[in-house]
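Here the structure is laid out as structure tokens; the discussion comes afterwards.
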Amino acid sequence: MIAVDTNLLVYAHRGDSTWHEPAAAAVASLAEGAAPWAIPWPCLYEFLAVVTHPRIYSPPTPLPEALAQVDAWLESPKLVLLSEGGQFWTTGRDLLAASRVTAGQVHDARVAALCRHHGVRQLWTADRDFGRFPSVHTANPLVV
């Protein structure tokens, strides 16, 4: 299963992004495909925080439009939402201890731990910081 990180969701949504077309095509290929794909719940909330932020985008995406985008992704019949539960803390704690990340990098560790916990084969991201987590295989579908 392939999971999608926040930055690809943002690029896929924002038409003014340099990476909009390839990101939109990459996300659409997953959403319309026959194989299961995933989005970690924290990435959906981070997506909403980023696209509606007036210091990041001028103009920001109006909240109703951003919510409609999330609703559209959630309609994909093969989408799996990755969330914490059961023994997740063990996975998260072990990944944090091994990577020794702190501060803002804890969010990325949470996403990486969710992917690892749910057996994600690959995380699609444009964020090279995920290299800190060698147990999570990443790929950037925007660069061929």
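Chains: A, B, ... in order of the structure tokens. Residues: from 1 per chain. Ligands: from 1, in order shown.
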
Requested in this report: Write out as number ranges by chain which residues come within 12 Å of Pro59 of chain A when counting only C-alpha atoms, dropping same-chain ones fewer than 5 positions away.
Outcome: A: 14-16, 50-54

Per residue of segment 42-72 of chain A within 10 Å of segment 101-123 of chain A, note the shortest atom pair and the distance in Å to one decimal, counting only C-alpha atoms, and order the rows by chain and increasing residue number, as JSON lines.
{"residue": "A:Pro42", "atom": "CA", "partner": "A:Val111", "partner_atom": "CA", "distance": 7.1}
{"residue": "A:Cys43", "atom": "CA", "partner": "A:Val111", "partner_atom": "CA", "distance": 7.6}
{"residue": "A:Glu46", "atom": "CA", "partner": "A:His107", "partner_atom": "CA", "distance": 9.7}

Report summary line: From the list A:Pro40, A:Leu82, A:Ala98, A:Asn140, the nearest residue to Arg128 of chain A using only C-alpha atoms is A:Asn140

6 Å contact set for segment 18-33 of chain A, only C-alpha atoms, chain neighbours under 3 positions out, as a compact mmCIF listing (two decimals) with C-alpha atoms, in the first residue's frame:
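Dumped to part-v9.txt:
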# COMPACT_ATOMS: atom_id res chain seq x y z
CA LEU A 8 1.60 16.07 -2.09
CA TYR A 11 0.35 20.48 -4.24
CA ALA A 12 -2.47 18.38 -5.71
CA GLY A 15 -3.61 25.13 -8.61
CA SER A 76 -12.14 6.99 -2.97
CA LEU A 142 7.05 14.44 -8.66

Report task. Could you give me, as a ChimeraX atom specification, each residue of segment 8-144 of chain A that DSSP assigns to alpha helix (DSSP H) when run on this structure's backbone? Result -> /A:8-13,20-31,41-51,63-74,88-99,105-117

Query raised in the report: Leaving out Thr6 of chain A and any residue of its chain fewer than 3 positions from it, which residues lie within 8 Å of it when counting only C-alpha atoms, given as a PyMOL selection string?
Result: chain A and resi 9-10+43-44+46-47+125

Do you know which residues are at most 10 Å from Gly131 of chain A counting only C-alpha atoms, after dropping those on the same chain fewer than 6 positions away, and could you put them as a PDB file with C-alpha atoms, in the first residue's frame?
ATOM      1  CA  SER A  99      15.625   8.422  15.049  1.00  0.00           C
ATOM      2  CA  HIS A 137      10.500   3.596   2.366  1.00  0.00           C
ATOM      3  CA  THR A 138       9.782   6.882   0.605  1.00  0.00           C
TER       4      THR A 138
END

Query - Distance in Å - atom CA of Phe130 of chain A versus atom CA of Asp71 of chain A - result: 26.8 Å

Report summary line: From the list A:His13, A:Tyr45, A:Phe133, A:Leu95, the nearest residue to Pro60 of chain A using only C-alpha atoms is A:His13

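The shortest atom-to-atom distance to Ala34 of chain A, with only C-alpha atoms taken into account, belongs to A:Pro77 out of A:Gly92, A:Pro77, A:Pro141, A:Pro62.
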
Write down as a CSV table (one decimal) with N, CA and C atoms, in the first residue's frame the residues of segment 33-114 of chain A whose backbone DSSP state falls under strand (DSSP E).
chain,number,residue,atom,x,y,z
A,37,TRP,N,-4.8,2.5,-1.1
A,37,TRP,CA,-3.8,3.5,-0.8
A,37,TRP,C,-4.2,4.2,0.5
A,38,ALA,N,-3.3,5.0,1.0
A,38,ALA,CA,-3.6,5.5,2.4
A,38,ALA,C,-3.2,7.0,2.5
A,39,ILE,N,-3.9,7.6,3.5
A,39,ILE,CA,-3.5,8.9,4.0
A,39,ILE,C,-3.6,8.8,5.5
A,40,PRO,N,-2.5,9.2,6.1
A,40,PRO,CA,-2.5,9.3,7.6
A,40,PRO,C,-3.4,10.5,8.1
A,79,LEU,N,-9.4,4.0,-0.4
A,79,LEU,CA,-8.6,4.8,0.6
A,79,LEU,C,-8.7,4.1,2.0
A,80,VAL,N,-7.5,4.0,2.6
A,80,VAL,CA,-7.4,3.6,4.0
A,80,VAL,C,-6.8,4.8,4.8
A,81,LEU,N,-7.5,5.1,5.9
A,81,LEU,CA,-7.1,6.2,6.7
A,81,LEU,C,-6.3,5.6,7.8
A,82,LEU,N,-5.0,6.1,8.0
A,82,LEU,CA,-4.1,5.5,9.0
A,82,LEU,C,-4.3,6.3,10.3

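Ranking A:Thr61, A:Gly86, A:Ala68, A:Ile2 by their shortest atom-to-atom distance to Ala35 of chain A, with only C-alpha atoms included, puts A:Ile2 first.
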
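The two atoms in question, atom CA of Ser135 of chain A and atom CA of Ala97 of chain A, are spaced 13.0 Å apart.
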
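You will find atom CA of Leu48 of chain A at 11.3 Å from atom CA of Asn7 of chain A.
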